[in-house]
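Peer 1: Below are the structure tokens for one structure; questions will follow.
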Amino acid sequence: MLRIENLRVNIGEKEILHDINLEIEEGEIHVLFGPNGSGKTTLLMTIMGFPNYRVLEGKIFLKGEDITHLPPHERAKRGIGISFQRPPTIRGLKTRKMAELANLCSDETANIDEIASNLNLEGFLDRDINYGFSGGELKRTELLQLLAQNPDLVLLDEPESGVDLENIALIGEAINCLLEKDISCKERRLRPKKSSLIISHTGYILDYVNADKGYVMCEGSIGCSGQPHELLDTIRKLGYEECIACQLQIPI
């Protein structure tokens with residue numbers, strides 16, 4: 001589904017990502033851990049093709065196609081969707097209209113009202129995008145758009161950030177539905193299996209979403225990979241300082 005080879009990325013004059021190599025197969029969910037400022041969001045933004053994130057070296061492939069220099073809207077058409085950690089407020093654009101626009105990237109017509117109902121967002125469809133929304137409402141609105149878009153590769157930037165326990169459970173359920181991991185949400189049809197790359201600082205989302213592989217990013221590089229819960233246990237016991245020291249081979 002996604003292959004990244006030797007990726008180096010600048011923001012302005014500063015190199016943020018160094019020699020990133022990553023591969024996600026169809027149907028796999030991968031989670032990327034790391035301290036704040038380690039480059040996790042930069043990686044997602046680069047995969048999505050935002051112009052402020054300049055590729056210095058390396059390639060990004062989606063389903064075998066080199067998309068390294070495609071603009072974001074072309075990547076969306078080819079099946080990449082993203083949920084932002086801090087999505088923008090857009091005055092004058094209604095939530096329903098945004099979901100309808102997202103649905104243009106899908107070959108299926110979405111039932112926006114039904115999706116909104118499942119996310120407890122019925123009363124938000126005629127409100128301006130994200131205006132006055134709480135943390136949980138912001139995350140659910142992002143998932144409304146992704147469910148309408150129906151992408152093959154889902155990029156989620158800290159879906160549990162700023163969300164209370166009740167909303168985390170609902171968000172986890174919606175992510176499983178989006179990724180077709182919940183059989184009650186899955187229609188019987190032949191189609192590529194969906195994949196996802198999830199950024200998490202705390203790892204709380206793993207209580208609701210079953211990831212196949214985890215990575216730890218420090219200082220703009222992926223230092224290690226492994227079973228997500230094992231990595232998370234180590235992070236919770238020893239902190240990210242241990243990961244940085246291990247990556248840089250510095251005793252602490």
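Each chain in the structure tokens gets a letter, A, B, ..., in the order shown, and its residues are numbered from 1; ligands are numbered from 1 in order too.
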May I have all residues of stretch 1-30 of chain A that DSSP, computed from the backbone, assigns to strand (DSSP E), given as a list in words?
Peer 2: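 Taking stretch 1-30 of chain A and keeping strand (DSSP E) only, one gets Leu2, Arg3, Ile4, Glu5, Asn6, Leu7, Arg8, Val9, Asn10, Ile11, Lys14, Glu15, Ile16, Leu17, His18, Asp19, Ile20, Asn21, Leu22, Glu23, Ile24, Ile29 and His30 of chain A.
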Peer 1: Only C-alpha atoms, please: the residues just picked out, written as an mmCIF file, in the first residue's frame.
Peer 2:
data_model
loop_
_atom_site.group_PDB
_atom_site.id
_atom_site.type_symbol
_atom_site.label_atom_id
_atom_site.label_comp_id
_atom_site.auth_asym_id
_atom_site.auth_seq_id
_atom_site.Cartn_x
_atom_site.Cartn_y
_atom_site.Cartn_z
ATOM 1 C CA LEU A 2 2.717 2.477 1.052
ATOM 2 C CA ARG A 3 6.472 2.322 0.571
ATOM 3 C CA ILE A 4 8.891 5.052 1.625
ATOM 4 C CA GLU A 5 12.527 4.843 0.590
ATOM 5 C CA ASN A 6 15.428 6.872 2.042
ATOM 6 C CA LEU A 7 13.244 9.940 2.631
ATOM 7 C CA ARG A 8 14.839 13.221 3.689
ATOM 8 C CA VAL A 9 12.610 16.272 4.221
ATOM 9 C CA ASN A 10 13.197 19.976 4.896
ATOM 10 C CA ILE A 11 10.930 22.604 6.391
ATOM 11 C CA LYS A 14 16.067 22.845 8.356
ATOM 12 C CA GLU A 15 16.196 19.130 7.638
ATOM 13 C CA ILE A 16 13.533 17.438 9.788
ATOM 14 C CA LEU A 17 13.405 13.846 8.497
ATOM 15 C CA HIS A 18 16.496 11.759 7.863
ATOM 16 C CA ASP A 19 16.607 8.562 5.794
ATOM 17 C CA ILE A 20 13.088 7.313 6.560
ATOM 18 C CA ASN A 21 12.301 3.806 5.304
ATOM 19 C CA LEU A 22 8.828 2.397 5.852
ATOM 20 C CA GLU A 23 6.538 -0.150 4.233
ATOM 21 C CA ILE A 24 2.863 -0.834 4.983
ATOM 22 C CA ILE A 29 -2.274 -0.776 10.704
ATOM 23 C CA HIS A 30 1.037 0.740 11.806
#
Peer 1: For A:Met217, which of A:Ile205, A:Gly39, A:Gly58, A:Arg78 is the closest residue, counting only C-alpha atoms?
Peer 2: A:Gly39
Peer 1: Return the single residue from A:Glu26, A:Val55, A:Ile222, A:Gly203 that is closest to A:Thr234, with distances computed using only C-alpha atoms.
Peer 2: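 Smallest separation from A:Thr234 among the options: A:Gly203.
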Peer 1: Go ahead and compute the interatomic distance for atom CA of A:Ile82 and atom CA of A:Glu241, in Å to one decimal.
Peer 2: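 Going from atom CA of A:Ile82 over to atom CA of A:Glu241 covers 28.8 Å.
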Peer 1: Set the distance at 9 Å and use only C-alpha atoms: which residues neighbour A:Gln149 once local chain neighbours fewer than 3 positions away are removed? I'd like the list as an MDAnalysis selection string.
Peer 2: chainID A and resid 76 79 81 99:108 110 144:146
Peer 1: Skip stretch 208-211 of chain A itself and residues of its chain fewer than 6 positions away, then list as a ChimeraX atom specification all residues within 10 Å of it, counting only C-alpha atoms.
Peer 2: /A:28-31,168-176,179,181,196-198,227-229
Peer 1: Can you measure atom CA of A:Lys63 to atom CA of A:Leu178 for me? One decimal in Å is fine.
Peer 2: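 Between these atoms lies a distance of 18.8 Å.
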